[in-house]
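Input: a single structure, listed below in structure tokens.
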Amino acid sequence: MSYIQDGVIIILSSPSGAGKTTLVKKISNNKHFLISISHTTRKPRSNEIDGEHYHFVSQPEFEKLTKENKFLEYAMVFNNYYGSSKDKVLEKLNKKQNVIFDIDWQGAKQIKNKKLNFKLISIYILPPSRTELFNRLLNREGADKSIAQERMKQFDKDLLHWKEYDYVIINDNLEKCYNEIMNYINLRLEGKKNLEFNKKFIEEHIKKLIN
Ligand code: ADP
Ligand code: 5GP
């Protein structure tokens, strides 16, 4: 596949645990896609490295950055602040580098509303089932049931936002999902528009996911 380097914003969102961080990492292994590393007030997980997974900051530090207008977007998610650094992102985009975001629907909405002068591709990731989602969350959180349950509480509300995205996909088999996303991104980078996904199928899947 040949990837066009054109200063494109690519946003991946999903309910927590569906696999967007894994997919974003996989996409960024391709040198034409740079991750926007967010700031967050959340505490690092045991495998997370400051400056690589997130810039981990205190709440006062985060609030200072918001006052200084340092974020392209920011939001409160699961009782913590998360934000995308404006200067770093715009610098990359202006150099025609493609930037990929792992952010929630609130952040995606804010970036879309800014109507920046860059092409924007937004993708929403769904889990194959509620049970699988819970298991993925549990697995990631070191079997901490309370965190997994807390995140599941937001699931139904988060799901409602799938309609705000250009493309919606189920992350069942990781490789298959990744290939489909790359295929879609590549077609969009080549300038193809109106690339439809199977809306009826996705709607049926959403019905099964909602309790
Ligand atoms: P998110 O960023 O959407 O919250 P993560 O990427 O952190 O989700 O994935 C949650 C957990 O599920 C991680 O432990 C990850 O390794 C695992 N995971 C991601 N995609 C798949 C998949 N297709 N099949 C099985 N496990 C997956
Ligand atoms: P986690 O704590 O699991 O890493 O992320 C929780 C949620 O916050 C996920 O939906 C993730 O996409 C979102 N998130 C991460 N960084 C940002 C950001 O910079 N801005 C916004 N709005 N959401 C973010």
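Simple scheme: letters A, B, ... for chains in structure tokens order, numbers from 1 for residues in each chain, numbers from 1 for ligands in the order shown.
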
Residues within 6 Å of ligand 2, counting only C-alpha atoms and all ligand atoms, as number ranges by chain: A: 13, 16, 38, 74-75, 77, 82-84, 102-104, 106-107

Generate a file of the selected residues that holds all heavy atoms, formatted as an mmCIF file, in the first residue's frame.
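New file result_22.cif:
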data_model
loop_
_atom_site.group_PDB
_atom_site.id
_atom_site.type_symbol
_atom_site.label_atom_id
_atom_site.label_comp_id
_atom_site.auth_asym_id
_atom_site.auth_seq_id
_atom_site.Cartn_x
_atom_site.Cartn_y
_atom_site.Cartn_z
ATOM 1 N N SER A 13 -12.168 6.779 17.763
ATOM 2 C CA SER A 13 -12.874 6.814 19.052
ATOM 3 C C SER A 13 -13.581 5.485 19.239
ATOM 4 O O SER A 13 -13.816 4.749 18.262
ATOM 5 C CB SER A 13 -13.930 7.922 19.082
ATOM 6 O OG SER A 13 -13.370 9.188 18.893
ATOM 7 N N SER A 16 -14.633 2.662 25.871
ATOM 8 C CA SER A 16 -13.380 2.231 26.497
ATOM 9 C C SER A 16 -13.235 0.702 26.412
ATOM 10 O O SER A 16 -14.165 -0.033 26.699
ATOM 11 C CB SER A 16 -13.376 2.672 27.963
ATOM 12 O OG SER A 16 -12.147 2.337 28.546
ATOM 13 N N SER A 38 -1.498 12.588 24.080
ATOM 14 C CA SER A 38 -2.341 13.468 24.896
ATOM 15 C C SER A 38 -1.725 13.744 26.270
ATOM 16 O O SER A 38 -0.877 12.995 26.738
ATOM 17 C CB SER A 38 -3.698 12.802 25.132
ATOM 18 O OG SER A 38 -4.353 12.568 23.916
ATOM 19 N N TYR A 74 -10.005 19.495 24.664
ATOM 20 C CA TYR A 74 -9.820 18.739 25.904
ATOM 21 C C TYR A 74 -11.180 18.385 26.479
ATOM 22 O O TYR A 74 -12.192 19.010 26.134
ATOM 23 C CB TYR A 74 -8.959 19.499 26.925
ATOM 24 C CG TYR A 74 -9.616 20.694 27.555
ATOM 25 C CD1 TYR A 74 -10.305 20.583 28.766
ATOM 26 C CD2 TYR A 74 -9.555 21.943 26.941
ATOM 27 C CE1 TYR A 74 -10.918 21.683 29.343
ATOM 28 C CE2 TYR A 74 -10.170 23.042 27.507
ATOM 29 C CZ TYR A 74 -10.844 22.904 28.708
ATOM 30 O OH TYR A 74 -11.452 23.991 29.265
ATOM 31 N N ALA A 75 -11.195 17.372 27.311
ATOM 32 C CA ALA A 75 -12.467 16.927 27.887
ATOM 33 C C ALA A 75 -12.221 16.179 29.189
ATOM 34 O O ALA A 75 -11.122 15.696 29.439
ATOM 35 C CB ALA A 75 -13.181 16.004 26.902
ATOM 36 N N VAL A 77 -13.033 12.870 30.989
ATOM 37 C CA VAL A 77 -13.493 11.509 30.672
ATOM 38 C C VAL A 77 -13.206 10.633 31.897
ATOM 39 O O VAL A 77 -12.076 10.614 32.379
ATOM 40 C CB VAL A 77 -12.747 10.931 29.441
ATOM 41 C CG1 VAL A 77 -13.415 9.657 28.936
ATOM 42 C CG2 VAL A 77 -12.614 11.941 28.305
ATOM 43 N N TYR A 82 -8.361 14.979 29.860
ATOM 44 C CA TYR A 82 -7.518 14.524 28.755
ATOM 45 C C TYR A 82 -7.506 15.646 27.721
ATOM 46 O O TYR A 82 -8.545 16.262 27.456
ATOM 47 C CB TYR A 82 -8.107 13.288 28.066
ATOM 48 C CG TYR A 82 -8.174 12.038 28.915
ATOM 49 C CD1 TYR A 82 -9.197 11.841 29.842
ATOM 50 C CD2 TYR A 82 -7.227 11.034 28.757
ATOM 51 C CE1 TYR A 82 -9.256 10.679 30.601
ATOM 52 C CE2 TYR A 82 -7.285 9.859 29.511
ATOM 53 C CZ TYR A 82 -8.308 9.695 30.423
ATOM 54 O OH TYR A 82 -8.383 8.540 31.169
ATOM 55 N N GLY A 83 -6.337 15.910 27.103
ATOM 56 C CA GLY A 83 -6.305 16.964 26.079
ATOM 57 C C GLY A 83 -5.211 16.735 25.057
ATOM 58 O O GLY A 83 -4.193 16.099 25.322
ATOM 59 N N SER A 84 -5.433 17.268 23.854
ATOM 60 C CA SER A 84 -4.475 17.132 22.736
ATOM 61 C C SER A 84 -3.714 18.436 22.564
ATOM 62 O O SER A 84 -4.324 19.506 22.401
ATOM 63 C CB SER A 84 -5.216 16.849 21.428
ATOM 64 O OG SER A 84 -6.131 15.794 21.579
ATOM 65 N N ASP A 102 -6.236 9.277 19.380
ATOM 66 C CA ASP A 102 -7.037 8.321 20.157
ATOM 67 C C ASP A 102 -7.759 9.165 21.198
ATOM 68 O O ASP A 102 -7.223 9.440 22.271
ATOM 69 C CB ASP A 102 -6.063 7.310 20.789
ATOM 70 C CG ASP A 102 -6.683 6.468 21.897
ATOM 71 O OD1 ASP A 102 -7.819 6.735 22.325
ATOM 72 O OD2 ASP A 102 -6.000 5.535 22.349
ATOM 73 N N ILE A 103 -8.950 9.654 20.839
ATOM 74 C CA ILE A 103 -9.673 10.572 21.728
ATOM 75 C C ILE A 103 -11.154 10.193 21.780
ATOM 76 O O ILE A 103 -11.642 9.453 20.924
ATOM 77 C CB ILE A 103 -9.528 12.053 21.289
ATOM 78 C CG1 ILE A 103 -10.018 12.267 19.856
ATOM 79 C CG2 ILE A 103 -8.087 12.513 21.424
ATOM 80 C CD1 ILE A 103 -10.001 13.715 19.400
ATOM 81 N N ASP A 104 -11.866 10.721 22.760
ATOM 82 C CA ASP A 104 -13.276 10.361 22.890
ATOM 83 C C ASP A 104 -14.141 11.245 21.977
ATOM 84 O O ASP A 104 -13.634 12.129 21.281
ATOM 85 C CB ASP A 104 -13.721 10.436 24.362
ATOM 86 C CG ASP A 104 -14.088 11.846 24.769
ATOM 87 O OD1 ASP A 104 -13.473 12.802 24.244
ATOM 88 O OD2 ASP A 104 -14.994 12.008 25.601
ATOM 89 N N GLN A 106 -16.196 13.581 22.627
ATOM 90 C CA GLN A 106 -16.235 15.027 22.942
ATOM 91 C C GLN A 106 -15.091 15.754 22.230
ATOM 92 O O GLN A 106 -15.269 16.818 21.641
ATOM 93 C CB GLN A 106 -16.094 15.253 24.442
ATOM 94 C CG GLN A 106 -17.117 14.539 25.288
ATOM 95 C CD GLN A 106 -16.821 14.721 26.775
ATOM 96 O OE1 GLN A 106 -17.177 15.742 27.353
ATOM 97 N NE2 GLN A 106 -16.170 13.760 27.390
ATOM 98 N N GLY A 107 -13.900 15.123 22.293
ATOM 99 C CA GLY A 107 -12.733 15.708 21.629
ATOM 100 C C GLY A 107 -12.891 15.701 20.113
ATOM 101 O O GLY A 107 -12.532 16.678 19.440
#

Could you list, as a PyMOL selection string, all protein and nucleic acid residues with an atom at most 10 Å from ligand 1, counting only C-alpha atoms and all ligand atoms? chain A and resi 12-26+102-104+124-128+132-142+151+170-178

Near Lys96 in chain A, within 9 Å and counting only C-alpha atoms, which residues show up once chain neighbours fewer than 5 positions away are dropped, as a PyMOL selection string? chain A and resi 5-8+91

Selection from above, N, CA and C atoms, as a PDB file, in the first residue's frame, can you write it?
ATOM      1  N   GLN A   5       1.140  11.358   2.243  1.00  0.00           N
ATOM      2  CA  GLN A   5       1.534  12.167   3.381  1.00  0.00           C
ATOM      3  C   GLN A   5       1.028  13.572   3.102  1.00  0.00           C
ATOM      4  N   ASP A   6      -0.093  13.950   3.747  1.00  0.00           N
ATOM      5  CA  ASP A   6      -0.715  15.188   3.301  1.00  0.00           C
ATOM      6  C   ASP A   6      -1.264  16.026   4.447  1.00  0.00           C
ATOM      7  N   GLY A   7      -0.765  15.821   5.652  1.00  0.00           N
ATOM      8  CA  GLY A   7      -1.296  16.597   6.765  1.00  0.00           C
ATOM      9  C   GLY A   7      -2.757  16.283   7.005  1.00  0.00           C
ATOM     10  N   VAL A   8      -3.052  15.019   7.273  1.00  0.00           N
ATOM     11  CA  VAL A   8      -4.439  14.594   7.476  1.00  0.00           C
ATOM     12  C   VAL A   8      -4.655  14.247   8.957  1.00  0.00           C
ATOM     13  N   GLU A  91       2.003  21.750  14.362  1.00  0.00           N
ATOM     14  CA  GLU A  91       3.354  21.732  13.777  1.00  0.00           C
ATOM     15  C   GLU A  91       3.496  20.551  12.819  1.00  0.00           C
TER      16      GLU A  91
END

Can you list every residue in range 48-173 of chain A that DSSP puts in helix (DSSP H, G or I), as a PyMOL selection string? chain A and resi 59-67+86-94+105-114+130-140+145-153+155-164

Counting only C-alpha atoms, which of A:Arg130, A:Lys70, A:Lys31, A:Lys88 gets nearest to Phe155 in chain A? A:Arg130

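The two atoms in question, CA of Phe101 in chain A and CA of Ala148 in chain A, are spaced 22.9 Å apart.
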
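In this comparison, which uses only C-alpha atoms, the residue of A:Lys207, A:Ile9, A:Asn113, A:Val57 approaching Leu160 in chain A most closely is A:Lys207.
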
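Interatomic distance, CA of Leu116 in chain A to CA of Thr66 in chain A: 19.4 Å.
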
Within 9 Å of His53 in chain A using only C-alpha atoms, minus same-chain residues under 4 positions, as an MDAnalysis selection string: chainID A and resid 37:38 44 48:49

Output all heavy atoms for every residue in that selection, as a compact mmCIF listing (two decimals), in the first residue's frame.
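That gives us part_2.txt:
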# COMPACT_ATOMS: atom_id res chain seq x y z
N ILE A 37 0.21 12.57 21.17
CA ILE A 37 0.29 12.07 22.55
C ILE A 37 -0.42 13.06 23.47
O ILE A 37 -0.02 14.23 23.58
CB ILE A 37 1.77 11.86 22.98
CG1 ILE A 37 2.44 10.86 22.02
CG2 ILE A 37 1.85 11.38 24.44
CD1 ILE A 37 3.94 10.76 22.18
N SER A 38 -1.50 12.59 24.08
CA SER A 38 -2.34 13.47 24.90
C SER A 38 -1.73 13.74 26.27
O SER A 38 -0.88 12.99 26.74
CB SER A 38 -3.70 12.80 25.13
OG SER A 38 -4.35 12.57 23.92
N PRO A 44 -0.82 6.76 35.64
CA PRO A 44 -0.35 5.79 34.65
C PRO A 44 -0.67 4.34 35.04
O PRO A 44 -0.65 4.02 36.22
CB PRO A 44 1.17 5.99 34.63
CG PRO A 44 1.49 7.08 35.56
CD PRO A 44 0.26 7.51 36.27
N GLU A 48 2.52 1.80 31.38
CA GLU A 48 2.53 3.07 30.64
C GLU A 48 3.73 3.94 30.99
O GLU A 48 4.12 4.06 32.15
CB GLU A 48 1.23 3.84 30.91
CG GLU A 48 0.04 3.22 30.19
CD GLU A 48 -1.26 3.96 30.44
OE1 GLU A 48 -1.46 4.51 31.56
OE2 GLU A 48 -2.11 3.96 29.54
N ILE A 49 4.27 4.57 29.94
CA ILE A 49 5.48 5.39 30.11
C ILE A 49 5.13 6.85 29.82
O ILE A 49 4.48 7.15 28.79
CB ILE A 49 6.58 4.91 29.13
CG1 ILE A 49 6.95 3.44 29.46
CG2 ILE A 49 7.83 5.80 29.17
CD1 ILE A 49 7.71 2.74 28.35
